[in-house]
Structure formats: structure tokens, C-alpha cells
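Have a look at upload_6.cif below; it lists mmCIF, C-alpha atoms.
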data_work
#
loop_
_atom_site.label_atom_id
_atom_site.label_comp_id
_atom_site.auth_asym_id
_atom_site.auth_seq_id
_atom_site.Cartn_x
_atom_site.Cartn_y
_atom_site.Cartn_z
CA MET J 1 20.31 60.23 16.12
CA SER J 2 17.44 58.18 17.41
CA HIS J 3 13.71 58.54 17.79
CA ASP J 4 11.38 56.98 20.30
CA ASP J 5 8.47 55.25 18.60
CA GLY J 6 6.19 55.04 21.61
CA TYR J 7 6.85 51.34 22.11
CA GLY J 8 10.29 51.75 23.66
CA ASN J 9 12.16 51.20 20.42
CA ASP J 10 14.49 53.46 18.48
CA SER J 11 12.71 53.82 15.17
CA GLY J 12 15.59 55.62 13.47
CA ARG J 13 13.16 57.83 11.61
CA THR J 14 13.82 61.43 10.76
CA GLY J 15 10.20 62.58 10.84
CA ASP J 16 8.80 61.88 14.26
CA GLY J 17 6.38 63.88 16.32
CA TYR J 18 3.99 63.70 19.14
CA SER J 19 0.33 63.11 18.94
CA THR J 20 -1.38 62.61 22.18
CA ILE J 21 -3.03 59.99 20.82
CA GLY J 22 -0.11 62.57 22.79
CA GLY J 23 -0.61 66.29 21.88
CA THR J 24 -2.59 69.12 23.59
CA ARG J 25 -5.71 68.26 25.42
CA GLN J 26 -9.00 69.84 26.13
CA THR J 27 -12.47 68.57 26.87
CA ARG J 28 -13.87 67.32 23.60
CA THR J 29 -16.26 69.25 21.43
CA ARG J 30 -18.21 66.89 19.22
CA LEU J 31 -18.25 67.98 15.59
CA PRO J 32 -20.10 66.41 12.64
CA ASP J 33 -18.74 64.69 9.55
CA GLY J 34 -15.28 64.01 10.87
CA GLU J 35 -14.18 67.62 11.22
CA GLY J 36 -12.94 69.45 14.24
CA GLY J 37 -10.38 69.00 16.93
CA ASP J 38 -9.74 67.21 20.13
CA GLY J 39 -6.27 67.29 21.49
CA TYR J 40 -3.91 65.66 23.74
CA SER J 41 -1.41 67.45 25.90
CA PRO J 42 0.38 65.33 28.47
CA ARG J 43 1.11 68.31 30.68
CA ARG J 44 0.26 69.45 34.18
CA PRO J 45 0.49 73.14 35.19
CA ALA J 46 4.01 74.37 34.62
CA ARG J 47 6.50 75.03 37.36
CA ASN J 48 7.93 78.54 37.40
CA SER J 49 11.34 77.40 36.23
CA ARG J 50 10.00 76.20 32.93
CA SER J 51 6.74 78.07 32.58
CA LEU J 52 7.60 79.63 29.23
CA VAL J 53 8.56 76.32 27.67
CA THR J 54 5.45 74.61 28.99
CA VAL J 55 3.10 77.38 27.91
CA VAL J 56 4.58 77.33 24.41
CA GLY J 57 4.29 73.55 24.38
CA VAL J 58 0.65 73.67 25.40
CA ILE J 59 -0.15 76.20 22.69
CA VAL J 60 1.76 74.20 20.11
CA LEU J 61 0.22 70.89 20.98
CA LEU J 62 -3.21 72.46 20.96
CA LEU J 63 -2.81 72.45 17.20
CA ALA J 64 -2.70 68.68 17.35
CA ALA J 65 -6.12 68.74 18.97
CA ILE J 66 -7.54 68.82 15.47
CA ALA J 67 -6.04 65.40 14.96
CA PHE J 68 -8.46 63.60 17.17
CA ALA J 69 -11.82 65.02 16.31
CA ASN J 70 -14.65 62.84 17.46
CA MET J 71 -16.26 60.98 14.61
CA GLY J 72 -19.84 60.46 15.76
CA GLY J 73 -22.35 61.06 18.53
CA GLY J 74 -21.82 61.25 22.26
CA ASP J 75 -22.79 63.13 25.35
CA GLY J 76 -20.56 66.06 24.48
CA ASN J 77 -18.76 66.26 27.83
CA GLY J 78 -15.84 63.93 27.27
CA GLY J 79 -17.65 60.92 28.69
CA ASP J 80 -19.06 59.14 25.67
CA ALA J 81 -22.06 56.88 25.94
CA ALA J 82 -21.77 53.60 24.09
CA SER J 83 -24.91 53.19 22.05
CA GLY J 84 -26.84 49.96 21.91
CA SER J 85 -30.17 48.30 22.45
CA ASP J 86 -29.97 47.85 26.20
CA GLY J 87 -28.06 51.01 27.12
CA LYS J 88 -26.50 49.16 30.05
CA LYS J 89 -23.99 51.09 32.10
CA ALA J 90 -21.11 48.93 33.24
CA GLU J 91 -19.77 49.09 36.74
CA ALA J 92 -16.40 50.85 36.94
CA THR J 93 -13.94 48.37 38.43
CA SER J 94 -10.29 48.58 39.36
CA THR J 95 -7.70 47.52 36.84
CA SER J 96 -6.81 44.38 38.74
CA ALA J 97 -4.82 41.55 37.27
CA THR J 98 -6.84 38.56 36.05
CA GLY J 99 -4.10 36.23 34.83
CA THR J 100 -5.85 35.92 31.47
CA LYS J 101 -3.66 36.41 28.41
CA PRO J 102 -4.77 39.76 26.93
CA VAL J 103 -4.31 39.11 23.22
CA THR J 104 -3.68 36.35 20.72
CA GLY J 105 -1.77 38.21 18.04
CA LYS J 106 -0.40 41.44 16.61
CA ASN J 107 -1.34 43.80 13.80
CA GLY J 108 2.09 45.08 12.86
CA GLU J 109 3.54 46.38 16.13
CA ILE J 110 0.13 46.73 17.80
CA ALA J 111 -1.56 44.04 19.86
CA SER J 112 -4.71 42.55 18.34
CA GLY J 113 -7.20 39.76 18.92
CA PHE J 114 -8.66 41.11 22.17
CA ALA J 115 -11.36 39.16 23.97
CA HIS J 116 -15.03 40.11 23.51
CA ASP J 117 -15.46 41.05 27.17
CA GLN J 118 -14.61 43.79 29.66
CA GLN J 119 -10.97 42.83 29.99
CA GLY J 120 -10.58 42.73 26.22
CA ALA J 121 -12.11 46.17 25.74
CA GLU J 122 -9.98 47.72 28.48
CA SER J 123 -6.83 46.08 27.12
CA ALA J 124 -7.60 47.29 23.60
CA ALA J 125 -8.15 50.88 24.77
CA ALA J 126 -4.89 50.88 26.75
CA ASN J 127 -2.82 49.50 23.88
CA TYR J 128 -4.45 51.80 21.34
CA SER J 129 -3.68 54.79 23.57
CA VAL J 130 0.00 53.86 23.48
CA ALA J 131 0.00 53.52 19.69
CA LEU J 132 -1.93 56.72 19.05
CA GLY J 133 0.34 58.63 21.43
CA SER J 134 3.60 57.47 19.91
CA ALA J 135 6.11 59.53 17.96
CA GLU J 136 5.31 57.44 14.90
CA MET J 137 2.08 59.36 14.54
CA PHE J 138 4.04 62.22 12.95
CA ASP J 139 5.22 59.98 10.12
CA LYS J 140 2.49 59.90 7.45
CA THR J 141 3.10 56.30 6.35
CA LYS J 142 3.38 54.93 9.87
CA ARG J 143 0.43 57.01 11.04
CA ASP J 144 -1.81 55.54 8.36
CA GLU J 145 -0.72 52.05 9.37
CA ILE J 146 -1.57 52.73 13.02
CA LEU J 147 -4.97 54.16 12.15
CA SER J 148 -5.78 51.17 9.95
CA ALA J 149 -4.91 48.87 12.84
CA VAL J 150 -6.88 50.55 15.63
CA ILE J 151 -9.67 52.68 14.11
CA ALA J 152 -13.00 51.31 12.88
CA PRO J 153 -13.19 51.24 9.06
CA SER J 154 -16.15 53.62 9.09
CA ALA J 155 -14.14 56.29 10.95
CA VAL J 156 -10.60 55.83 9.64
CA ASN J 157 -10.86 58.20 6.68
CA GLY J 158 -12.13 61.02 8.86
CA PHE J 159 -9.26 60.52 11.29
CA ARG J 160 -6.76 60.54 8.42
CA ARG J 161 -8.09 63.79 6.99
CA THR J 162 -7.91 65.68 10.26
CA LEU J 163 -4.53 64.22 11.19
CA ASP J 164 -3.02 65.12 7.82
CA GLN J 165 -4.07 68.72 8.44
CA ALA J 166 -2.84 68.77 12.03
CA TYR J 167 0.66 67.45 11.40
CA SER J 168 1.87 70.49 9.50
CA ALA J 169 5.21 72.23 9.02
CA THR J 170 4.10 74.84 11.55
CA LEU J 171 3.45 72.20 14.19
CA PHE J 172 6.80 70.51 13.50
CA LYS J 173 8.61 73.82 13.89
CA ASN J 174 6.84 74.73 17.11
CA LEU J 175 7.73 71.36 18.60
CA GLY J 176 11.39 72.08 17.95
CA LEU J 177 11.59 69.80 14.93
CA ASN J 178 12.69 70.78 11.45
CA GLU J 179 9.92 72.02 9.20
CA ASP J 180 9.88 68.68 7.38
CA GLY J 181 9.34 66.87 10.68
CA SER J 182 12.87 65.55 11.04
CA THR J 183 14.78 65.88 14.30
CA PRO J 184 17.57 68.47 14.45
CA THR J 185 21.08 67.08 14.54
CA GLY J 186 22.28 66.30 18.04
CA PHE J 187 18.81 65.84 19.54
CA ASN J 188 16.41 62.98 20.27
CA PHE J 189 12.69 63.57 19.90
CA ILE J 190 10.81 61.72 22.64
CA SER J 191 7.11 61.00 22.74
CA ARG J 192 5.49 58.30 24.84
CA THR J 193 2.10 57.63 26.40
CA THR J 194 1.90 55.20 29.32
CA PRO J 195 -1.44 53.93 30.70
CA ILE J 196 -1.73 53.92 34.49
CA GLY J 197 -5.17 52.32 34.74
CA THR J 198 -8.37 51.63 32.82
CA LYS J 199 -12.08 51.31 33.49
CA MET J 200 -15.08 50.49 31.36
CA THR J 201 -17.79 53.06 32.02
CA LYS J 202 -20.51 51.93 29.62
CA THR J 203 -21.27 48.86 27.56
CA SER J 204 -24.01 47.73 25.22
CA GLY J 205 -23.59 44.53 23.25
CA ASP J 206 -20.82 45.10 20.72
CA GLN J 207 -20.03 48.62 21.93
CA ALA J 208 -18.05 49.81 24.94
CA THR J 209 -16.74 53.05 26.38
CA VAL J 210 -13.41 52.84 28.20
CA GLU J 211 -11.44 55.50 30.06
CA VAL J 212 -7.64 55.23 30.21
CA TRP J 213 -5.70 57.24 32.78
CA CYS J 214 -2.27 58.02 31.35
CA THR J 215 0.99 59.81 31.88
CA GLY J 216 3.08 61.02 28.98
CA LEU J 217 6.46 62.37 27.93
CA ILE J 218 7.21 64.81 25.12
CA GLY J 219 10.13 66.98 24.08
CA LEU J 220 13.59 67.20 22.56
CA ALA J 221 16.43 65.66 24.55
CA GLY J 222 19.82 67.16 23.86
CA GLU J 223 22.23 69.80 25.08
CA GLY J 224 20.82 73.28 24.58
CA SER J 225 17.27 72.09 23.83
CA THR J 226 14.63 74.80 24.15
CA LYS J 227 11.91 72.10 24.22
CA PRO J 228 13.11 69.83 27.06
CA VAL J 229 11.27 66.61 27.79
CA THR J 230 8.34 67.24 30.14
CA ASP J 231 5.70 64.98 31.64
CA GLY J 232 1.97 65.29 32.11
CA TRP J 233 -1.22 63.49 33.10
CA PHE J 234 -4.44 63.01 31.16
CA THR J 235 -7.44 60.72 30.72
CA ILE J 236 -8.44 59.32 27.35
CA THR J 237 -12.03 58.29 26.65
CA MET J 238 -12.42 55.84 23.81
CA GLU J 239 -15.57 54.42 22.26
CA LEU J 240 -14.95 50.93 20.91
CA GLN J 241 -16.95 48.71 18.59
CA TRP J 242 -16.62 44.95 18.09
CA ILE J 243 -15.76 44.50 14.40
CA ASN J 244 -14.41 41.40 12.66
CA ASP J 245 -13.65 39.62 15.94
CA ASP J 246 -11.74 42.50 17.53
CA TRP J 247 -12.28 45.86 19.25
CA LYS J 248 -11.78 49.00 17.12
CA ALA J 249 -11.92 52.64 18.17
CA VAL J 250 -14.77 54.77 16.84
CA THR J 251 -14.11 57.99 18.78
CA HIS J 252 -11.29 59.31 20.94
CA SER J 253 -11.22 62.28 23.31
CA GLN J 254 -8.92 63.51 26.05
CA LYS J 255 -8.98 65.74 29.10
CA ASP J 256 -6.43 66.85 31.69
CA GLY J 257 -5.65 64.90 34.87
CA PRO J 258 -5.99 63.50 37.35
CA ALA J 259 -2.47 64.74 38.14
CA PRO J 260 -0.54 63.99 41.34
CA VAL J 261 1.48 66.58 43.21
CA GLY J 262 4.90 66.96 41.62
CA SER J 263 7.73 65.36 43.54
CA ASP J 264 11.08 66.90 44.44
CA THR J 265 12.97 64.32 42.41
CA ARG J 266 15.95 65.87 40.66
CA ALA J 267 15.37 66.37 36.96
CA SER J 268 17.62 64.10 34.90
CA SER J 269 19.95 65.35 32.23
CA ALA J 270 18.96 65.21 28.57
CA ASP J 271 21.31 62.29 27.99
CA GLU J 272 19.79 60.36 30.91
CA ILE J 273 16.27 60.92 29.61
CA ALA J 274 17.18 59.91 26.06
CA GLY J 275 18.98 56.83 27.30
CA ALA J 276 16.07 55.79 29.52
CA VAL J 277 13.38 56.19 26.87
CA ASN J 278 15.44 54.48 24.16
CA GLY J 279 16.69 51.78 26.53
CA PHE J 280 13.47 50.75 28.30
CA GLY J 281 10.90 49.00 26.16
CA GLY J 282 7.13 49.28 26.37
CA PHE J 283 4.46 46.78 27.31
CA THR J 284 1.39 45.01 26.03
CA TYR J 285 -1.26 46.27 28.44
CA ALA J 286 -3.99 44.15 29.98
CA ARG J 287 -6.11 43.89 33.10
#
Just give me the structure as C-alpha cells.
Amino acid sequence: MSHDDGYGNDSGRTGDGYSTIGGTRQTRTRLPDGEGGDGYSPRRPARNSRSLVTVVGVIVLLLAAIAFANMGGGDGNGGDAASGSDGKKAEATSTSATGTKPVTGKNGEIASGFAHDQQGAESAAANYSVALGSAEMFDKTKRDEILSAVIAPSAVNGFRRTLDQAYSATLFKNLGLNEDGSTPTGFNFISRTTPIGTKMTKTSGDQATVEVWCTGLIGLAGEGSTKPVTDGWFTITMELQWINDDWKAVTHSQKDGPAPVGSDTRASSADEIAGAVNGFGGFTYAR
């Protein structure tokens, strides 16, 4: 039995889940003192053939919204303003290739050492979205490691508290996992967030606000699964701060879309999906 870790690798863990740093999404409500919920659901409106499964999935993943409460101030509408002395609003540009190497190192499995410029901030937000949306977020030890790597020290404890509450036995069960978070025998739990594009919307000195347009996968692959792997589209807004020569996330919110019209491509079998996700690795993202 294998588990996708969000980076295209088979982690071999028994306690995976889906955050959307990859769970249910809704427009963020800012709450004080690190409490509250903001979720991540990589789902577009369900097709009739799987409406029940999708509706259940949306309700279930809404529980994970608590996991990504916003730790600090903002404009309250999902488009955070980076605070700073000049209050400069950056021009939104396309995510075009620059040819510049995005990072100089790694913090565990996560890219680190991003440049102190627009490309660096956008690259950091994209890579952090992948990490925070991976199946490893449902493993307490691995989740804490990810948060330490990508979240600002001043906000990490608040994120940990809300995440520890969100990833509960009830959530595991509703996702089709065992109550301890392990994957039922004969199934593969799949969770992956993939950035499509990025843009910096605001900047002010050592602070930046970046939006990341993503698609995501979540579900149990296996014969007879009642939680088949489904896809969805969402946009993550991340406030970043330049700390100790790298970008770190201070807040994180998510909202639905933009979502394209669904194609008529034949849905693959559970084995094909599991093989694709476990067989194709992820990327280090950069402009």
C-alpha cells in the first residue's frame, strides 16, 4: 500500500490525509489570536454522476478549513494586503519564465533560499502551496516539520494548534481513511496540489502578498472506493515575510476557482490514477 506525499513520491506512511494547504475552501474570515478556520477544497461543482460523493467530500473537507486560520490582519476578503511603510501595490504580471535559478537549497524536502525579489516571493508561495497541500499534512510529525519549514516563527504555533484540532478521527473517517488516519487495506490515498500560475499582488519592503492558482487531486484510489479521486480548482492567497534571508508564510487563505469547463476525457480507473500519481514526480516551482 502506498501513499502520495504531495511531491510525487510514495511515502509509505499509514497516516496520510489531505489538507488543502488541500482541504475544503471558502473565502477567508479573519479571526484573532490564531483561532478560526480557512479551508481548502480542490473541487469544482460536482457532475451528476458523482454528486453525492462530491457533496460529502466538500462537507468533510470543510472541517479542514479550521486548519488554515489566518494569523493576523488583512482586508478580510481573501485578498490580503502586505503591510509596510510604503504600501506599494505591485503590478500583477504573468508567470513567465526568467531563466533564473529559483532556489539555492532545501529545508528537508521543501525548497528554500528564495531570492529577495518578486520571482523569489512567487516561487516560495508556489512551493509552499505544494507542501501545505500534500498528504503528509495528515501525519502529525511530518506536518510539524512542514510548518517549521514554511511558516514564520511568530505564526507557527497558531497554525499547529488549529491543525491539530482539524486533523481528527472524524475527519479521517469522513475522508475514507481509518479512524487513526491510516489508509484501508487495498487502497491508495492521494492528495496533491499543483500550481498553475502565480502573481504578486502587493509588496512593501520585506513583505509580499502572492496569489497562487492551483488544481488539486484528493481521494482514495482502489476497487470499490466510495471516495474516488476527484479534481478541483482554487486560488491560494499567501502573505509572506522576509525572515532570516528567506520568505516565510504569515497567513494563508483559499477560495474556489477559477475553474475551466470540464472536458469529456474518459475518467481513468483507480489503478491508472494511483499509478500516475505515484509514478510521476513533482517539481520545484519558479517563475
One residue among J:Phe159, J:Phe172, J:Phe187, J:Trp213 is nearest to His252 of chain J when using all atoms listed in the file, and that residue is J:Phe159
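Comparing J:Gln241, J:Ser168, J:Asp256, J:Gly281 by their smallest distance to Pro153 of chain J, the closest is J:Gln241 (using all atoms listed in the file).
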Chain and number of each residue from the PyMOL selection byres ((chain J and resi 220) around 9), as number ranges by chain: J: 175-177, 183, 187-191, 218-219, 221-222, 225-229, 270, 274
How many Å lie between atom CA of Arg161 of chain J and atom CA of Glu179 of chain J, rounded to one decimal? 19.9 Å
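Here atom CA of Gly224 of chain J is placed at a distance of 15.6 Å from atom CA of Asn178 of chain J.
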Given the file above and the PyMOL selection byres ((chain J and resi 149) around 8), which residues are selected, and can you give them as a VMD selection string? chain J and resid 107 to 108 110 145 to 148 150 to 151
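Straight-line separation from atom CA of Thr215 of chain J to atom CA of Pro195 of chain J: 6.5 Å.
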When the PyMOL selection byres ((chain J and resi 196) around 10) is applied to the file above, which residues end up in the set, as a ChimeraX atom specification? /J:95,126,193-195,197-198,212-215,233,235,285
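Take the candidates J:Asn127, J:Gln118, J:Thr170, J:Gln165 and check each one against Thr209 of chain J using only C-alpha atoms; the shortest distance goes to J:Gln118.
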Ranking J:Pro260, J:Thr201, J:Glu223, J:Arg143 by minimum distance to Asp164 of chain J and counting all atoms listed in the file, which one comes first? J:Arg143
Best match for closeness to Gly205 of chain J among J:Val103, J:His116, J:Ala111, J:Gly257, counting all atoms listed in the file: J:His116
